[in-house]
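Novice: As input, take structure-v8.cif (mmCIF, C-alpha atoms and all ligand atoms):
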```
data_my_file
loop_
_atom_site.group_PDB
_atom_site.id
_atom_site.type_symbol
_atom_site.label_atom_id
_atom_site.label_comp_id
_atom_site.auth_asym_id
_atom_site.auth_seq_id
_atom_site.Cartn_x
_atom_site.Cartn_y
_atom_site.Cartn_z
ATOM 1 C CA MET M 1 37.636 -183.632 -87.670
ATOM 2 C CA VAL M 2 35.626 -184.899 -84.711
ATOM 3 C CA ASN M 3 32.873 -187.342 -85.745
ATOM 4 C CA LEU M 4 29.777 -185.688 -84.261
ATOM 5 C CA ASP M 5 27.566 -188.647 -85.261
ATOM 6 C CA LYS M 6 29.073 -190.647 -82.386
ATOM 7 C CA TYR M 7 27.416 -188.471 -79.766
ATOM 8 C CA SER M 8 23.817 -188.165 -78.694
ATOM 9 C CA SER M 9 24.184 -184.666 -77.221
ATOM 10 C CA ILE M 10 26.802 -181.937 -77.304
ATOM 11 C CA PHE M 11 27.640 -179.756 -74.288
ATOM 12 C CA ILE M 12 29.927 -176.757 -74.527
ATOM 13 C CA ALA M 13 31.355 -174.872 -71.550
ATOM 14 C CA ASN M 14 32.085 -171.256 -72.428
ATOM 15 C CA TRP M 15 34.330 -169.915 -69.685
ATOM 16 C CA LYS M 16 34.599 -166.490 -71.331
ATOM 17 C CA LEU M 17 37.281 -164.319 -69.641
ATOM 18 C CA ASN M 18 37.442 -166.429 -66.484
ATOM 19 C CA GLY M 19 39.795 -168.986 -64.953
ATOM 20 C CA ASN M 20 43.395 -169.337 -63.838
ATOM 21 C CA SER M 21 45.856 -172.226 -63.376
ATOM 22 C CA SER M 22 44.566 -173.390 -60.006
ATOM 23 C CA PHE M 23 40.929 -173.127 -61.136
ATOM 24 C CA LEU M 24 41.840 -175.264 -64.152
ATOM 25 C CA LYS M 25 43.583 -177.922 -62.073
ATOM 26 C CA ASP M 26 40.679 -178.226 -59.651
ATOM 27 C CA TYR M 27 38.160 -178.250 -62.525
ATOM 28 C CA TYR M 28 39.805 -181.131 -64.383
ATOM 29 C CA GLU M 29 40.236 -183.139 -61.201
ATOM 30 C CA LYS M 30 36.508 -182.935 -60.566
ATOM 31 C CA LEU M 31 35.131 -183.004 -64.137
ATOM 32 C CA LYS M 32 33.153 -186.188 -64.914
ATOM 33 C CA VAL M 33 32.628 -186.637 -68.630
ATOM 34 C CA ASN M 34 29.803 -188.847 -69.889
ATOM 35 C CA SER M 35 31.048 -190.760 -72.933
ATOM 36 C CA ASN M 36 27.654 -190.758 -74.712
ATOM 37 C CA ASN M 37 27.964 -187.017 -75.045
ATOM 38 C CA CYS M 38 30.503 -184.763 -76.660
ATOM 39 C CA THR M 39 31.830 -182.342 -74.016
ATOM 40 C CA ILE M 40 33.809 -179.315 -75.112
ATOM 41 C CA ILE M 41 35.599 -176.872 -72.830
ATOM 42 C CA CYS M 42 36.129 -173.414 -74.331
ATOM 43 C CA SER M 43 38.606 -171.925 -71.904
ATOM 44 C CA PRO M 44 40.645 -168.810 -72.682
ATOM 45 C CA SER M 45 43.069 -169.890 -75.447
ATOM 46 C CA ILE M 46 46.169 -169.663 -73.288
ATOM 47 C CA TYR M 47 44.862 -172.509 -71.087
ATOM 48 C CA LEU M 48 43.685 -174.808 -73.870
ATOM 49 C CA LYS M 49 46.940 -176.761 -73.979
ATOM 50 C CA SER M 50 46.507 -177.670 -70.302
ATOM 51 C CA LEU M 51 43.346 -179.630 -71.052
ATOM 52 C CA LYS M 52 43.943 -183.213 -70.058
ATOM 53 C CA ARG M 53 42.855 -185.216 -73.095
ATOM 54 C CA ASN M 54 42.470 -188.436 -71.152
ATOM 55 C CA ASN M 55 38.913 -188.998 -72.228
ATOM 56 C CA GLU M 56 37.895 -189.443 -75.842
ATOM 57 C CA SER M 57 34.646 -187.563 -75.323
ATOM 58 C CA LEU M 58 36.345 -184.446 -73.945
ATOM 59 C CA PHE M 59 37.461 -181.772 -76.384
ATOM 60 C CA CYS M 60 38.765 -178.272 -76.264
ATOM 61 C CA GLY M 61 37.444 -175.326 -78.154
ATOM 62 C CA ALA M 62 38.665 -171.784 -78.674
ATOM 63 C CA GLN M 63 36.387 -168.817 -78.010
ATOM 64 C CA ASP M 64 37.537 -166.927 -81.093
ATOM 65 C CA VAL M 65 39.850 -167.084 -84.090
ATOM 66 C CA SER M 66 41.331 -164.443 -86.346
ATOM 67 C CA SER M 67 39.640 -163.780 -89.655
ATOM 68 C CA TYR M 68 43.139 -163.490 -91.120
ATOM 69 C CA LYS M 69 45.228 -166.481 -92.072
ATOM 70 C CA GLU M 70 48.653 -164.988 -91.258
ATOM 71 C CA GLY M 71 50.610 -161.762 -91.330
ATOM 72 C CA ALA M 72 50.986 -158.492 -89.466
ATOM 73 C CA TYR M 73 47.935 -158.745 -87.193
ATOM 74 C CA THR M 74 49.245 -158.276 -83.653
ATOM 75 C CA GLY M 75 47.437 -160.274 -80.996
ATOM 76 C CA GLU M 76 45.602 -162.616 -83.332
ATOM 77 C CA LEU M 77 45.486 -166.449 -83.425
ATOM 78 C CA SER M 78 44.828 -168.164 -86.742
ATOM 79 C CA ALA M 79 42.786 -171.271 -87.540
ATOM 80 C CA SER M 80 45.965 -173.104 -88.545
ATOM 81 C CA MET M 81 47.537 -172.268 -85.136
ATOM 82 C CA LEU M 82 44.460 -173.717 -83.422
ATOM 83 C CA ARG M 83 44.732 -176.866 -85.567
ATOM 84 C CA ASP M 84 48.447 -177.086 -84.783
ATOM 85 C CA ASN M 85 47.477 -177.190 -81.090
ATOM 86 C CA ASN M 86 44.792 -179.878 -81.566
ATOM 87 C CA ILE M 87 41.860 -177.574 -80.977
ATOM 88 C CA ASP M 88 38.800 -179.225 -82.511
ATOM 89 C CA PHE M 89 36.094 -176.583 -82.025
ATOM 90 C CA CYS M 90 35.822 -172.799 -82.010
ATOM 91 C CA LEU M 91 32.982 -170.451 -81.068
ATOM 92 C CA VAL M 92 32.217 -167.816 -83.693
ATOM 93 C CA GLY M 93 29.733 -164.968 -83.689
ATOM 94 C CA HIS M 94 28.997 -165.116 -79.974
ATOM 95 C CA SER M 95 26.762 -162.142 -79.127
ATOM 96 C CA GLU M 96 29.476 -160.678 -76.871
ATOM 97 C CA ARG M 97 31.888 -160.688 -79.830
ATOM 98 C CA ARG M 98 29.193 -159.167 -82.036
ATOM 99 C CA GLN M 99 28.410 -156.508 -79.408
ATOM 100 C CA TYR M 100 31.846 -155.569 -78.014
ATOM 101 C CA PHE M 101 34.178 -156.485 -80.881
ATOM 102 C CA ALA M 102 32.055 -155.534 -83.889
ATOM 103 C CA GLU M 103 31.937 -159.068 -85.249
ATOM 104 C CA THR M 104 29.571 -158.975 -88.234
ATOM 105 C CA ASN M 105 27.887 -161.809 -90.115
ATOM 106 C CA ASN M 106 30.488 -161.343 -92.836
ATOM 107 C CA ILE M 107 33.356 -161.777 -90.367
ATOM 108 C CA VAL M 108 31.637 -164.827 -88.878
ATOM 109 C CA HIS M 109 31.356 -166.243 -92.402
ATOM 110 C CA ILE M 110 35.097 -165.763 -93.076
ATOM 111 C CA LYS M 111 36.139 -167.174 -89.687
ATOM 112 C CA SER M 112 33.860 -170.204 -90.130
ATOM 113 C CA SER M 113 35.291 -170.956 -93.601
ATOM 114 C CA ASN M 114 38.865 -170.662 -92.338
ATOM 115 C CA LEU M 115 38.086 -173.039 -89.463
ATOM 116 C CA ILE M 116 36.366 -175.641 -91.640
ATOM 117 C CA GLU M 117 39.309 -175.577 -94.044
ATOM 118 C CA LYS M 118 41.513 -176.522 -91.086
ATOM 119 C CA ASN M 119 39.144 -179.280 -89.906
ATOM 120 C CA ILE M 120 38.003 -177.305 -86.877
ATOM 121 C CA ILE M 121 34.260 -177.297 -86.197
ATOM 122 C CA PRO M 122 32.897 -173.741 -85.890
ATOM 123 C CA VAL M 123 30.094 -173.300 -83.376
ATOM 124 C CA ILE M 124 28.206 -170.542 -85.159
ATOM 125 C CA CYS M 125 26.185 -168.486 -82.668
ATOM 126 C CA ILE M 126 23.020 -166.675 -83.649
ATOM 127 C CA GLY M 127 20.273 -165.020 -81.635
ATOM 128 C CA GLU M 128 17.875 -162.105 -81.415
ATOM 129 C CA THR M 129 17.857 -159.194 -78.961
ATOM 130 C CA LEU M 130 14.893 -158.571 -76.653
ATOM 131 C CA GLU M 131 13.803 -155.633 -78.763
ATOM 132 C CA GLN M 132 13.794 -157.792 -81.895
ATOM 133 C CA LYS M 133 11.859 -160.525 -80.083
ATOM 134 C CA GLU M 134 9.266 -158.037 -78.880
ATOM 135 C CA LYS M 135 8.800 -156.828 -82.447
ATOM 136 C CA ASN M 136 8.281 -160.441 -83.580
ATOM 137 C CA LEU M 137 11.430 -160.290 -85.678
ATOM 138 C CA THR M 138 13.118 -163.420 -84.306
ATOM 139 C CA GLU M 139 12.594 -165.601 -87.380
ATOM 140 C CA GLU M 140 13.686 -162.853 -89.777
ATOM 141 C CA ILE M 141 16.801 -161.953 -87.758
ATOM 142 C CA LEU M 142 17.853 -165.559 -87.414
ATOM 143 C CA SER M 143 17.410 -166.330 -91.094
ATOM 144 C CA THR M 144 19.535 -163.318 -92.043
ATOM 145 C CA GLN M 145 22.221 -164.374 -89.569
ATOM 146 C CA ILE M 146 22.119 -167.922 -90.942
ATOM 147 C CA LYS M 147 22.206 -166.833 -94.591
ATOM 148 C CA ASP M 148 25.012 -164.315 -94.098
ATOM 149 C CA SER M 149 27.210 -166.042 -91.538
ATOM 150 C CA ILE M 150 27.127 -169.744 -92.443
ATOM 151 C CA PRO M 151 29.402 -170.505 -95.399
ATOM 152 C CA ASN M 152 28.345 -172.814 -98.239
ATOM 153 C CA LEU M 153 30.973 -175.360 -97.330
ATOM 154 C CA ALA M 154 29.375 -175.847 -93.887
ATOM 155 C CA ASN M 155 27.373 -179.024 -93.355
ATOM 156 C CA HIS M 156 26.106 -181.065 -90.415
ATOM 157 C CA HIS M 157 29.425 -182.944 -90.172
ATOM 158 C CA ASN M 158 31.726 -179.924 -90.044
ATOM 159 C CA ALA M 159 29.743 -177.143 -88.303
ATOM 160 C CA LEU M 160 27.385 -176.581 -85.378
ATOM 161 C CA ILE M 161 24.783 -173.880 -84.813
ATOM 162 C CA ALA M 162 24.111 -172.424 -81.360
ATOM 163 C CA TYR M 163 20.875 -170.519 -80.819
ATOM 164 C CA GLU M 164 21.482 -168.023 -78.025
ATOM 165 C CA PRO M 165 18.828 -165.350 -77.529
ATOM 166 C CA VAL M 166 20.902 -162.306 -76.545
ATOM 167 C CA TRP M 167 18.427 -161.402 -73.799
ATOM 168 C CA ALA M 168 18.824 -164.838 -72.185
ATOM 169 C CA ILE M 169 22.618 -164.738 -71.869
ATOM 170 C CA GLY M 170 23.703 -164.290 -68.263
ATOM 171 C CA THR M 171 20.299 -162.945 -67.219
ATOM 172 C CA GLY M 172 18.582 -165.986 -65.686
ATOM 173 C CA LEU M 173 15.806 -165.556 -68.264
ATOM 174 C CA THR M 174 15.034 -168.213 -70.868
ATOM 175 C CA PRO M 175 12.416 -168.613 -73.585
ATOM 176 C CA THR M 176 9.688 -171.146 -72.789
ATOM 177 C CA LEU M 177 10.422 -174.742 -73.746
ATOM 178 C CA ASP M 178 7.913 -174.489 -76.589
ATOM 179 C CA GLU M 179 9.606 -171.363 -77.888
ATOM 180 C CA ILE M 180 13.047 -172.999 -77.807
ATOM 181 C CA ASN M 181 11.805 -176.059 -79.668
ATOM 182 C CA GLN M 182 9.936 -173.969 -82.198
ATOM 183 C CA VAL M 183 12.918 -171.689 -82.937
ATOM 184 C CA HIS M 184 15.223 -174.684 -83.334
ATOM 185 C CA GLU M 185 12.732 -176.208 -85.751
ATOM 186 C CA GLN M 186 12.632 -172.945 -87.737
ATOM 187 C CA ILE M 187 16.431 -172.895 -87.909
ATOM 188 C CA LYS M 188 16.565 -176.472 -89.211
ATOM 189 C CA ASN M 189 13.807 -175.765 -91.722
ATOM 190 C CA CYS M 190 14.963 -172.398 -93.039
ATOM 191 C CA ASP M 191 16.747 -174.266 -95.838
ATOM 192 C CA THR M 192 16.881 -177.999 -96.581
ATOM 193 C CA LYS M 193 20.653 -177.953 -96.131
ATOM 194 C CA PHE M 194 20.229 -177.173 -92.430
ATOM 195 C CA ARG M 195 17.786 -180.031 -91.816
ATOM 196 C CA ASN M 196 20.425 -182.297 -90.244
ATOM 197 C CA PHE M 197 22.485 -179.645 -88.499
ATOM 198 C CA ARG M 198 22.938 -180.038 -84.766
ATOM 199 C CA VAL M 199 21.496 -176.954 -83.080
ATOM 200 C CA LEU M 200 22.485 -176.223 -79.476
ATOM 201 C CA TYR M 201 20.611 -173.929 -77.116
ATOM 202 C CA GLY M 202 22.459 -171.353 -74.994
ATOM 203 C CA GLY M 203 21.349 -168.675 -72.537
ATOM 204 C CA SER M 204 20.974 -169.194 -68.777
ATOM 205 C CA VAL M 205 21.269 -172.978 -68.940
ATOM 206 C CA LYS M 206 21.816 -174.443 -65.476
ATOM 207 C CA SER M 207 21.417 -177.821 -63.789
ATOM 208 C CA SER M 208 17.796 -177.060 -62.883
ATOM 209 C CA ASN M 209 16.664 -176.517 -66.498
ATOM 210 C CA SER M 210 19.212 -178.408 -68.622
ATOM 211 C CA ASN M 211 17.329 -181.726 -68.612
ATOM 212 C CA GLU M 212 14.070 -180.319 -69.864
ATOM 213 C CA ILE M 213 15.877 -178.275 -72.512
ATOM 214 C CA THR M 214 18.055 -181.133 -73.812
ATOM 215 C CA GLU M 215 15.048 -183.443 -73.922
ATOM 216 C CA LEU M 216 13.310 -181.196 -76.463
ATOM 217 C CA SER M 217 13.050 -182.965 -79.819
ATOM 218 C CA GLN M 218 14.838 -180.225 -81.804
ATOM 219 C CA VAL M 219 17.596 -179.484 -79.282
ATOM 220 C CA ASP M 220 20.918 -181.288 -79.727
ATOM 221 C CA GLY M 221 22.796 -179.957 -76.728
ATOM 222 C CA CYS M 222 23.631 -176.793 -74.839
ATOM 223 C CA LEU M 223 26.164 -173.980 -74.731
ATOM 224 C CA ILE M 224 26.693 -173.042 -71.112
ATOM 225 C CA GLY M 225 28.342 -169.889 -69.789
ATOM 226 C CA GLY M 226 28.049 -168.957 -66.095
ATOM 227 C CA ALA M 227 26.961 -172.410 -64.894
ATOM 228 C CA SER M 228 29.950 -174.054 -66.589
ATOM 229 C CA LEU M 229 32.300 -172.254 -64.188
ATOM 230 C CA LYS M 230 31.022 -174.362 -61.304
ATOM 231 C CA VAL M 231 32.338 -177.834 -62.013
ATOM 232 C CA ASP M 232 29.722 -179.629 -59.850
ATOM 233 C CA GLU M 233 26.958 -177.767 -61.640
ATOM 234 C CA PHE M 234 28.512 -178.549 -65.029
ATOM 235 C CA ASN M 235 28.903 -182.237 -64.065
ATOM 236 C CA THR M 236 25.174 -182.385 -63.306
ATOM 237 C CA ILE M 237 24.345 -180.757 -66.648
ATOM 238 C CA ILE M 238 26.457 -183.176 -68.700
ATOM 239 C CA SER M 239 25.621 -186.319 -66.701
HETATM 240 P P1 LIG P 301 25.086 -168.020 -69.813
HETATM 241 O O1 LIG P 301 25.987 -167.735 -71.114
HETATM 242 O O2 LIG P 301 24.946 -169.530 -69.727
HETATM 243 O O3 LIG P 301 25.876 -167.453 -68.691
HETATM 244 O O4 LIG P 301 23.776 -167.382 -70.032
HETATM 245 C C1 LIG P 301 25.837 -168.486 -72.287
HETATM 246 C C2 LIG P 301 26.821 -168.014 -73.312
HETATM 247 O O5 LIG P 301 27.183 -166.826 -73.303
HETATM 248 O O6 LIG P 301 27.268 -168.796 -74.152
#
```
What's the structure tokens form of this structure?

Specialist:
Amino acid sequence: MVNLDKYSSIFIANWKLNGNSSFLKDYYEKLKVNSNNCTIICSPSIYLKSLKRNNESLFCGAQDVSSYKEGAYTGELSASMLRDNNIDFCLVGHSERRQYFAETNNIVHIKSSNLIEKNIIPVICIGETLEQKEKNLTEEILSTQIKDSIPNLANHHNALIAYEPVWAIGTGLTPTLDEINQVHEQIKNCDTKFRNFRVLYGGSVKSSNSNEITELSQVDGCLIGGASLKVDEFNTIIS
């Protein structure tokens, strides 16, 4: 399992359903990884093997894993298959999976356990919708997501949490810096066992706001979608 303690910040590129072979080649030629930070590229699974692992701070992550371990589940990839292919991280519970693929807290819990058992670090995504925020339900929603989707065997060495307000993903909107710091603090304090967890922020992170976000005392890195598709922009974020 990757030793997260070695890194001051963690940056994850979430390419979603984007990329092709020539994009990948160009990206890796231009990517400049900073060795103080842990940089993880979550490309579509079929491209993960093409990641050039010529830098010990560069890792690959899957965007999803099956909740099943093996068997007659057409189209699925298991945690042990990811391990077999040297994948060290995997996103789970991303809001797009929750919204379009009916991923529930219970499924996130099962997937996270299966990953940890295979020494893969789950990046467990949580976040409130705009409607929930406007009703002042953020803290309640997040604590339910945390309680129901993070398995007991998770700890700050083998799992990461990503706070991604659903309304901030791909919209150009972000919470204020104070709000981000405060929510991260609430996440770390909702139970003593989360105190030392690394909590990443995601949702419209770009080079113009990444510095101020990563400098917040409770923020341990960022999960970046759209801006991670532009390698120059991503280089600036991780530099
Ligand atoms: P965004 O996406 O950076 O494009 O807002 C973040 C994510 O979906 O992880």

Novice: List as a PyMOL selection string the protein and nucleic acid residues near Pro165 of chain M, meaning an atom at most 12 Å away when only C-alpha atoms are counted, but skip any in the same chain fewer than 5 places from it.

Specialist: chain M and resi 94-96+125-133+138-139+141-142+170-176+179-180+183-184+200-205+223

Novice: Quick one: apply the PyMOL selection byres (((chain M and resi 46-60) around 8) and not hetatm) to the file and drop the selected residues here as a PyMOL selection string.

Specialist: chain M and resi 21+28+33-45+61-62+85+87-89

Novice: Take every atom of segment 43-52 of chain M listed in the file, fit an axis-aligned box around them, add 4 Å per side, and give the centre and edge lengths in Å to one decimal as AutoDock Vina command-line options.

Specialist:
```
--center_x 42.8 --center_y -176.0 --center_z -72.8 --size_x 16.3 --size_y 22.4 --size_z 13.4
```

Novice: Starting from the PyMOL selection byres (((chain M and resi 110) around 9) and not hetatm), expand the selection into actual residues of this file and give them as a PyMOL selection string.

Specialist: chain M and resi 67-68+105-109+111-115+149-151

Novice: Between M:Trp15, M:Tyr73, M:Phe234, M:Tyr7, which is the closest to Arg198 of chain M once you count all atoms listed in the file?

Specialist: M:Tyr7

Novice: Residues near Glu215 of chain M, anyone? I mean within 10 Å using all atoms listed in the file, not counting same-chain ones fewer than 5 positions away, as a list in words.

Specialist: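 Non-adjacent residues within range: Ser9, Leu177, Asn181, Ser210, Asp220 and Gly221 of chain M.
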
Novice: Near Lys69 of chain M, counting all atoms listed in the file, which residues have an atom at most 10 Å away, once you skip same-chain residues fewer than 4 positions from it, shown as a list in words?

Specialist: Val65, Tyr73, Glu76, Leu77, Ser78, Ala79, Ser80, Met81, Lys111 and Asn114 of chain M

Novice: Mind listing whatever residues come within 10 Å of the point (21.9, -185.3, -64.3)? Use only C-alpha atoms, file coordinates, and give them as a PyMOL selection string.

Specialist: chain M and resi 207-208+210-211+233-239

Novice: Atom CA of Asp26 of chain M and atom CA of Leu229 of chain M are how many Å apart?

Specialist: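 Separation between atom CA of Asp26 of chain M and atom CA of Leu229 of chain M: 11.2 Å.
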